[in-house]
Structure formats: structure tokens, C-alpha cells
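data_6.cif (mmCIF, C-alpha atoms) appears below.
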```
data_query
loop_
_atom_site.group_PDB
_atom_site.id
_atom_site.type_symbol
_atom_site.label_atom_id
_atom_site.label_comp_id
_atom_site.auth_asym_id
_atom_site.auth_seq_id
_atom_site.Cartn_x
_atom_site.Cartn_y
_atom_site.Cartn_z
ATOM 1 C CA MET A 1027 0.000 0.000 0.000
ATOM 2 C CA SER A 1028 1.322 3.436 -0.949
ATOM 3 C CA ASP A 1029 1.370 6.556 1.192
ATOM 4 C CA GLY A 1030 0.317 8.543 -1.853
ATOM 5 C CA PRO A 1031 1.778 9.956 -5.047
ATOM 6 C CA HIS A 1032 3.517 12.756 -3.149
ATOM 7 C CA LYS A 1033 6.132 10.250 -1.899
ATOM 8 C CA SER A 1034 7.432 9.659 -5.447
ATOM 9 C CA LEU A 1035 7.117 13.278 -6.583
ATOM 10 C CA PRO A 1036 10.384 14.251 -8.343
ATOM 11 C CA MET A 1037 10.545 17.666 -6.688
ATOM 12 C CA ARG A 1038 12.276 19.111 -3.665
ATOM 13 C CA LEU A 1039 11.135 18.072 -0.199
ATOM 14 C CA GLY A 1040 9.269 21.351 0.347
ATOM 15 C CA TRP A 1041 7.105 20.737 -2.712
ATOM 16 C CA ARG A 1042 6.405 17.157 -1.644
ATOM 17 C CA ARG A 1043 5.089 18.563 1.640
ATOM 18 C CA VAL A 1044 2.893 21.008 -0.276
ATOM 19 C CA ALA A 1045 1.565 18.114 -2.412
ATOM 20 C CA GLU A 1046 0.860 15.994 0.664
ATOM 21 C CA ARG A 1047 -1.083 18.788 2.331
ATOM 22 C CA GLY A 1048 -2.930 19.557 -0.886
ATOM 23 C CA ASP A 1049 -3.931 15.925 -1.273
ATOM 24 C CA LYS A 1050 -5.149 15.292 2.268
ATOM 25 C CA ARG A 1051 -8.396 16.991 3.281
ATOM 26 C CA ALA A 1052 -7.237 16.917 6.911
ATOM 27 C CA PHE A 1053 -5.007 19.902 6.108
ATOM 28 C CA ALA A 1054 -6.678 23.286 5.892
ATOM 29 C CA VAL A 1055 -5.853 25.676 3.077
ATOM 30 C CA GLY A 1056 -3.896 27.807 5.556
ATOM 31 C CA GLU A 1057 -1.637 24.867 6.320
ATOM 32 C CA ILE A 1058 -0.963 24.420 2.606
ATOM 33 C CA SER A 1059 -0.120 28.142 2.413
ATOM 34 C CA ASN A 1060 2.271 27.741 5.334
ATOM 35 C CA ALA A 1061 4.003 24.859 3.540
ATOM 36 C CA LEU A 1062 4.308 26.897 0.322
ATOM 37 C CA ILE A 1063 6.561 29.540 1.841
ATOM 38 C CA PRO A 1064 9.414 27.148 2.834
ATOM 39 C CA ALA A 1065 9.139 25.431 -0.574
ATOM 40 C CA LEU A 1066 9.495 28.754 -2.396
ATOM 41 C CA GLU A 1067 12.285 29.849 -0.072
ATOM 42 C CA GLN A 1068 14.178 26.639 -0.812
ATOM 43 C CA ASP A 1069 13.757 27.269 -4.548
ATOM 44 C CA CYS A 1070 15.179 30.765 -4.096
ATOM 45 C CA ARG A 1071 18.179 29.532 -2.131
ATOM 46 C CA ASN A 1072 18.958 26.960 -4.826
ATOM 47 C CA GLU A 1073 18.288 29.055 -7.921
ATOM 48 C CA ILE A 1074 19.030 32.717 -7.163
ATOM 49 C CA ALA A 1075 22.649 33.756 -6.737
ATOM 50 C CA PRO A 1076 23.406 36.500 -4.215
ATOM 51 C CA ALA A 1077 25.334 38.395 -6.928
ATOM 52 C CA PHE A 1078 22.199 38.492 -9.101
ATOM 53 C CA LEU A 1079 20.114 39.821 -6.215
ATOM 54 C CA ASP A 1080 22.706 42.508 -5.504
ATOM 55 C CA ALA A 1081 22.773 43.551 -9.172
ATOM 56 C CA ILE A 1082 19.010 43.794 -9.584
ATOM 57 C CA CYS A 1083 18.558 45.531 -6.211
ATOM 58 C CA SER A 1084 21.216 48.102 -7.066
ATOM 59 C CA ALA A 1085 19.570 48.750 -10.446
ATOM 60 C CA PHE A 1086 16.246 49.558 -8.798
ATOM 61 C CA ARG A 1087 17.824 51.488 -5.901
ATOM 62 C CA ASP A 1088 19.976 53.588 -8.234
ATOM 63 C CA GLN A 1089 16.893 54.483 -10.224
ATOM 64 C CA GLU A 1090 15.010 55.410 -7.058
ATOM 65 C CA THR A 1091 17.681 57.837 -5.853
ATOM 66 C CA SER A 1092 18.309 59.375 -9.273
ATOM 67 C CA LEU A 1093 17.104 62.903 -9.816
ATOM 68 C CA PHE A 1094 16.262 62.121 -13.435
ATOM 69 C CA LYS A 1095 14.227 58.941 -13.731
ATOM 70 C CA ASP A 1096 16.176 57.215 -16.460
ATOM 71 C CA GLN A 1097 14.861 54.155 -18.145
ATOM 72 C CA ILE A 1098 15.879 51.140 -16.125
ATOM 73 C CA GLY A 1099 15.128 48.743 -18.999
ATOM 74 C CA PRO A 1100 18.579 48.879 -20.642
ATOM 75 C CA GLN A 1101 20.268 48.299 -17.297
ATOM 76 C CA LEU A 1102 18.059 45.268 -16.654
ATOM 77 C CA ASP A 1103 18.617 43.976 -20.203
ATOM 78 C CA SER A 1104 22.359 44.036 -19.549
ATOM 79 C CA LEU A 1105 21.789 41.549 -16.703
ATOM 80 C CA ARG A 1106 20.376 38.943 -19.123
ATOM 81 C CA GLU A 1107 23.739 37.597 -20.222
ATOM 82 C CA ASN A 1108 24.781 36.729 -16.663
ATOM 83 C CA THR A 1109 21.391 35.483 -15.523
ATOM 84 C CA GLY A 1110 21.033 31.782 -14.934
ATOM 85 C CA CYS A 1111 18.092 29.596 -15.791
ATOM 86 C CA GLY A 1112 15.113 29.137 -13.571
ATOM 87 C CA LEU A 1113 13.962 31.567 -10.943
ATOM 88 C CA GLU A 1114 16.672 34.153 -11.681
ATOM 89 C CA ARG A 1115 15.407 34.455 -15.250
ATOM 90 C CA VAL A 1116 11.786 34.710 -14.101
ATOM 91 C CA VAL A 1117 12.631 37.476 -11.608
ATOM 92 C CA LEU A 1118 14.499 39.392 -14.314
ATOM 93 C CA GLU A 1119 11.646 39.060 -16.826
ATOM 94 C CA HIS A 1120 9.129 40.306 -14.271
ATOM 95 C CA ALA A 1121 11.455 43.163 -13.316
ATOM 96 C CA ILE A 1122 11.639 44.231 -16.961
ATOM 97 C CA GLN A 1123 7.838 44.072 -17.252
ATOM 98 C CA VAL A 1124 7.356 46.109 -14.081
ATOM 99 C CA ALA A 1125 9.882 48.694 -15.277
ATOM 100 C CA GLU A 1126 8.103 48.980 -18.646
ATOM 101 C CA ARG A 1127 4.819 49.654 -16.825
ATOM 102 C CA GLY A 1128 6.503 52.423 -14.858
ATOM 103 C CA GLY A 1129 7.302 50.544 -11.651
ATOM 104 C CA ARG A 1130 10.115 52.268 -9.819
ATOM 105 C CA GLY A 1131 12.339 51.802 -6.825
ATOM 106 C CA ILE A 1132 12.000 49.206 -4.141
ATOM 107 C CA ASP A 1133 8.234 48.902 -4.636
ATOM 108 C CA GLY A 1134 8.792 47.900 -8.267
ATOM 109 C CA LEU A 1135 11.420 45.360 -7.251
ATOM 110 C CA VAL A 1136 9.155 43.851 -4.589
ATOM 111 C CA GLU A 1137 6.315 43.646 -7.115
ATOM 112 C CA ALA A 1138 8.553 41.897 -9.659
ATOM 113 C CA THR A 1139 9.869 39.409 -7.098
ATOM 114 C CA THR A 1140 6.373 38.716 -5.752
ATOM 115 C CA ASN A 1141 5.096 38.073 -9.283
ATOM 116 C CA ALA A 1142 8.030 35.738 -9.980
ATOM 117 C CA LEU A 1143 7.408 33.763 -6.776
ATOM 118 C CA THR A 1144 3.692 33.538 -7.551
ATOM 119 C CA ASP A 1145 4.558 32.201 -11.010
ATOM 120 C CA ARG A 1146 6.888 29.640 -9.435
ATOM 121 C CA ALA A 1147 4.157 28.554 -7.037
ATOM 122 C CA ALA A 1148 1.683 28.145 -9.916
ATOM 123 C CA ARG A 1149 4.266 26.161 -11.849
ATOM 124 C CA GLY A 1150 4.760 23.923 -8.820
ATOM 125 C CA ALA A 1151 0.989 23.339 -8.609
ATOM 126 C CA ARG A 1152 0.940 22.305 -12.287
ATOM 127 C CA GLN A 1153 3.884 19.951 -11.744
ATOM 128 C CA VAL A 1154 2.132 18.337 -8.800
ATOM 129 C CA GLU A 1155 -1.038 17.963 -10.874
ATOM 130 C CA GLU A 1156 0.888 16.362 -13.745
ATOM 131 C CA HIS A 1157 2.553 13.905 -11.378
ATOM 132 C CA TYR A 1158 -0.769 13.018 -9.765
ATOM 133 C CA CYS A 1159 -2.311 12.462 -13.226
ATOM 134 C CA ARG A 1160 0.407 9.900 -13.945
ATOM 135 C CA LYS A 1161 0.413 8.165 -10.564
ATOM 136 C CA SER A 1162 -3.235 8.506 -9.526
ATOM 137 C CA SER A 1163 -6.537 9.591 -11.041
ATOM 138 C CA SER A 1164 -7.363 12.757 -12.954
ATOM 139 C CA PRO A 1165 -10.060 13.985 -10.511
ATOM 140 C CA ARG A 1166 -7.650 13.578 -7.614
ATOM 141 C CA ALA A 1167 -5.000 15.538 -9.535
ATOM 142 C CA GLN A 1168 -7.416 18.372 -10.272
ATOM 143 C CA LYS A 1169 -8.476 18.474 -6.624
ATOM 144 C CA VAL A 1170 -4.861 18.738 -5.456
ATOM 145 C CA ARG A 1171 -4.074 21.501 -7.932
ATOM 146 C CA ALA A 1172 -7.218 23.447 -6.986
ATOM 147 C CA ARG A 1173 -6.344 23.289 -3.284
ATOM 148 C CA ILE A 1174 -2.754 24.377 -3.925
ATOM 149 C CA GLU A 1175 -3.925 27.253 -6.130
ATOM 150 C CA GLU A 1176 -6.322 28.345 -3.409
ATOM 151 C CA ALA A 1177 -3.436 28.257 -0.940
ATOM 152 C CA ILE A 1178 -1.266 30.365 -3.267
ATOM 153 C CA GLY A 1179 -3.849 33.136 -3.043
ATOM 154 C CA GLY A 1180 -3.608 33.149 0.744
ATOM 155 C CA ALA A 1181 0.149 32.680 1.111
ATOM 156 C CA ALA A 1182 2.404 35.466 2.362
ATOM 157 C CA ILE A 1183 4.407 35.587 -0.866
ATOM 158 C CA LYS A 1184 4.997 39.346 -0.714
ATOM 159 C CA GLY A 1185 6.517 38.953 2.750
ATOM 160 C CA LEU A 1186 8.812 36.232 1.432
ATOM 161 C CA ALA A 1187 9.826 38.476 -1.473
ATOM 162 C CA ARG A 1188 10.761 41.238 0.974
ATOM 163 C CA GLN A 1189 12.818 38.753 3.023
ATOM 164 C CA ILE A 1190 14.637 37.455 -0.048
ATOM 165 C CA LEU A 1191 15.471 41.026 -1.071
ATOM 166 C CA LYS A 1192 16.706 41.626 2.504
ATOM 167 C CA LEU A 1193 14.212 44.426 3.071
ATOM 168 C CA ASP A 1194 12.636 42.681 6.064
ATOM 169 C CA PRO A 1195 14.464 40.525 8.592
ATOM 170 C CA ARG A 1196 13.952 36.800 8.469
ATOM 171 C CA PRO A 1197 11.870 35.318 11.272
ATOM 172 C CA SER A 1198 14.030 34.110 14.152
ATOM 173 C CA SER A 1199 12.733 30.578 13.805
ATOM 174 C CA SER A 1200 10.637 29.009 11.120
ATOM 175 C CA PRO A 1201 7.261 27.736 12.293
ATOM 176 C CA THR A 1202 7.043 24.003 12.628
ATOM 177 C CA LEU A 1203 4.930 22.212 10.061
ATOM 178 C CA ARG A 1204 4.526 19.055 12.129
ATOM 179 C CA GLN A 1205 1.792 18.681 14.687
ATOM 180 C CA GLN A 1206 3.230 17.949 18.137
ATOM 181 C CA GLY A 1207 0.239 16.832 20.186
ATOM 182 C CA LEU A 1208 -3.484 16.303 20.364
ATOM 183 C CA ASP A 1209 -4.131 20.020 20.773
ATOM 184 C CA ASP A 1210 -2.396 20.691 17.435
ATOM 185 C CA GLY A 1211 -4.848 18.555 15.472
ATOM 186 C CA VAL A 1212 -7.307 19.509 12.788
ATOM 187 C CA SER A 1213 -8.880 22.870 13.449
ATOM 188 C CA LEU A 1214 -12.599 22.864 14.107
ATOM 189 C CA ARG A 1215 -14.337 25.600 12.177
#
```

So that I can check it, write out the structure of this file as C-alpha cells.
Amino acid sequence: MSDGPHKSLPMRLGWRRVAERGDKRAFAVGEISNALIPALEQDCRNEIAPAFLDAICSAFRDQETSLFKDQIGPQLDSLRENTGCGLERVVLEHAIQVAERGGRGIDGLVEATTNALTDRAARGARQVEEHYCRKSSSPRAQKVRARIEEAIGGAAIKGLARQILKLDPRPSSSPTLRQQGLDDGVSLR
């Protein structure tokens, strides 16, 4: 007997936890949202180089302090050649889009990073759904994806974006995802 398709999911541990919580009705949507943040943070640690973050932050900060609001687009385009695949590329593309729409300064950078993390979360939900379609049934896969997408809407992704950009301090300790006792069980609504 299997523990579920999330055990064989070829994704990082954080995303397997998100899939497990999305699959089991015992977990509330808030608990799925809480599991999303560590999964996204792990993706950022593995895929975004500190040098890239420094470069993109300085581009937006320089533009914010400039007396003449120059176009930031060419400066961001110059980062393309040194940008890696994955989340770095997504952050850069969203930064360029935000700059084209007139987004400026730190607020524009936070918006771009939040959009990139939201895209990554949606991509993760689609990957989980695809895996569940292969290893389980289609209705179960759609249910898991719908629950994860609902959790994405309630997750504190903007707060995570601010932490990644080092605008807000990281929490002193990450909240535990495991239940420790009977009082930590399923919440009664």
C-alpha cells in the first residue's frame, strides 16, 4: 500500500510537503499556504545567486535615488547575459515588465519578485497535478491543484519576497509544520 503519489514526486522536499497537504483533506488551506513559503524559499536559495540579487537591487535602488528617472530597462537587459536559468530568469523578466509599466524603486522590485514567486508557485501546482495524473486519477489531480492554487492566493508571498530582497528581517525561527500533540490537530471551524 502506498502513502500517496507525493512520496514519489520528483521535486524538492518542500514541494512534496505542499503536495501531501494539498492531497489530504485533513489539512486546511492555511496549512498548505504555510508549507508553500518554505518550498518557495528553498527554490530561491537553490536558484538565485546573491550576486544576481545585488545587481538587480542596485539597479532599482539607483533608479530610485536618481534625480532624473532614467529608463531602467537597458540596465536590466544588460543583466540577461549573466542570468542563470530558472527563478533568476523569471525574476528578471518580471522586473523588466514592471519597469516597462513604470514601476520604480523598491516597490517595483518587490512587485517583480512577488510576481516571480507567484509564477513559481503556480508552476509547482501544475507539476504536482501532472505527477498526480500519472500516478493517480485525474479527478484527484485536479483536486490537489485546486487546493494548492487556493493556498497560493492566501500565502504570504509578498513577505517572502521582501525577506529574499533583505528588506525585512527573516523570522528568528521558522514555524514548525509538524503537529506535536493532540491540541495541534485539525482545526474545528

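When CA of Arg1047 in chain A is paired with CA of Gly1112 in chain A, their separation reads 24.9 Å.
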
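Separating CA of Phe1086 in chain A from CA of Gly1131 in chain A is a distance of 4.9 Å.
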
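Residues lying within 12 Å of Arg1051 in chain A, counting only C-alpha atoms and ignoring same-chain neighbours fewer than 3 positions away, are Ala1045, Glu1046, Arg1047, Gly1048, Ala1054, Val1055, Gly1056, Glu1057, Ile1058, Arg1166, Lys1169, Val1170, Arg1173, Ile1174, Val1212 and Ser1213 of chain A.
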
Evaluate the PyMOL selection byres ((chain A and resi 1182-1198) around 10) on the structure here and hand back the selected residues as a compact mmCIF listing (two decimals) with C-alpha atoms, in the frame of the given file.
```
# COMPACT_ATOMS: atom_id res chain seq x y z
CA SER A 1059 -0.12 28.14 2.41
CA ASN A 1060 2.27 27.74 5.33
CA LEU A 1062 4.31 26.90 0.32
CA ILE A 1063 6.56 29.54 1.84
CA PRO A 1064 9.41 27.15 2.83
CA LEU A 1066 9.49 28.75 -2.40
CA GLU A 1067 12.28 29.85 -0.07
CA CYS A 1070 15.18 30.76 -4.10
CA ARG A 1071 18.18 29.53 -2.13
CA ILE A 1074 19.03 32.72 -7.16
CA PRO A 1076 23.41 36.50 -4.22
CA LEU A 1079 20.11 39.82 -6.22
CA ASP A 1080 22.71 42.51 -5.50
CA ILE A 1082 19.01 43.79 -9.58
CA CYS A 1083 18.56 45.53 -6.21
CA ILE A 1132 12.00 49.21 -4.14
CA ASP A 1133 8.23 48.90 -4.64
CA LEU A 1135 11.42 45.36 -7.25
CA VAL A 1136 9.15 43.85 -4.59
CA GLU A 1137 6.32 43.65 -7.12
CA ALA A 1138 8.55 41.90 -9.66
CA THR A 1139 9.87 39.41 -7.10
CA THR A 1140 6.37 38.72 -5.75
CA ASN A 1141 5.10 38.07 -9.28
CA ALA A 1142 8.03 35.74 -9.98
CA LEU A 1143 7.41 33.76 -6.78
CA THR A 1144 3.69 33.54 -7.55
CA ALA A 1147 4.16 28.55 -7.04
CA ALA A 1177 -3.44 28.26 -0.94
CA ILE A 1178 -1.27 30.36 -3.27
CA GLY A 1179 -3.85 33.14 -3.04
CA GLY A 1180 -3.61 33.15 0.74
CA ALA A 1181 0.15 32.68 1.11
CA SER A 1199 12.73 30.58 13.80
CA SER A 1200 10.64 29.01 11.12
CA PRO A 1201 7.26 27.74 12.29
```

Excluding Ile1098 in chain A and residues on its chain fewer than 4 positions from it, collect all residues at most 8 Å away from it, counting only C-alpha atoms, and give them as a PyMOL selection string. chain A and resi 1085-1086+1089+1102+1125

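Taking CA of Gln1153 in chain A as the reference point, CA of Gly1134 in chain A is found at 28.6 Å.
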
Build an axis-aligned box that encloses every atom of range 1052-1065 of chain A listed in the file, pad it by 5 Å on each side, and report its centre and edge lengths in Å to one decimal, as lines of an AutoDock Vina configuration file.
```
center_x = 1.1
center_y = 23.2
center_z = 3.2
size_x = 26.7
size_y = 22.6
size_z = 17.5
```

Around (16.9, 45.0, -18.5), as given in the file, which residues come within 12 Å? Count only C-alpha atoms and list them as a tab-separated table (two decimals) with C-alpha atoms, in the coordinates of the input.
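Listing of selection_24.tsv after writing:
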```
chain	number	residue	atom	x	y	z
A	1081	ALA	CA	22.77	43.55	-9.17
A	1082	ILE	CA	19.01	43.79	-9.58
A	1085	ALA	CA	19.57	48.75	-10.45
A	1086	PHE	CA	16.25	49.56	-8.80
A	1097	GLN	CA	14.86	54.16	-18.14
A	1098	ILE	CA	15.88	51.14	-16.12
A	1099	GLY	CA	15.13	48.74	-19.00
A	1100	PRO	CA	18.58	48.88	-20.64
A	1101	GLN	CA	20.27	48.30	-17.30
A	1102	LEU	CA	18.06	45.27	-16.65
A	1103	ASP	CA	18.62	43.98	-20.20
A	1104	SER	CA	22.36	44.04	-19.55
A	1105	LEU	CA	21.79	41.55	-16.70
A	1106	ARG	CA	20.38	38.94	-19.12
A	1107	GLU	CA	23.74	37.60	-20.22
A	1108	ASN	CA	24.78	36.73	-16.66
A	1109	THR	CA	21.39	35.48	-15.52
A	1115	ARG	CA	15.41	34.46	-15.25
A	1117	VAL	CA	12.63	37.48	-11.61
A	1118	LEU	CA	14.50	39.39	-14.31
A	1119	GLU	CA	11.65	39.06	-16.83
A	1120	HIS	CA	9.13	40.31	-14.27
A	1121	ALA	CA	11.46	43.16	-13.32
A	1122	ILE	CA	11.64	44.23	-16.96
A	1123	GLN	CA	7.84	44.07	-17.25
A	1124	VAL	CA	7.36	46.11	-14.08
A	1125	ALA	CA	9.88	48.69	-15.28
A	1126	GLU	CA	8.10	48.98	-18.65
```
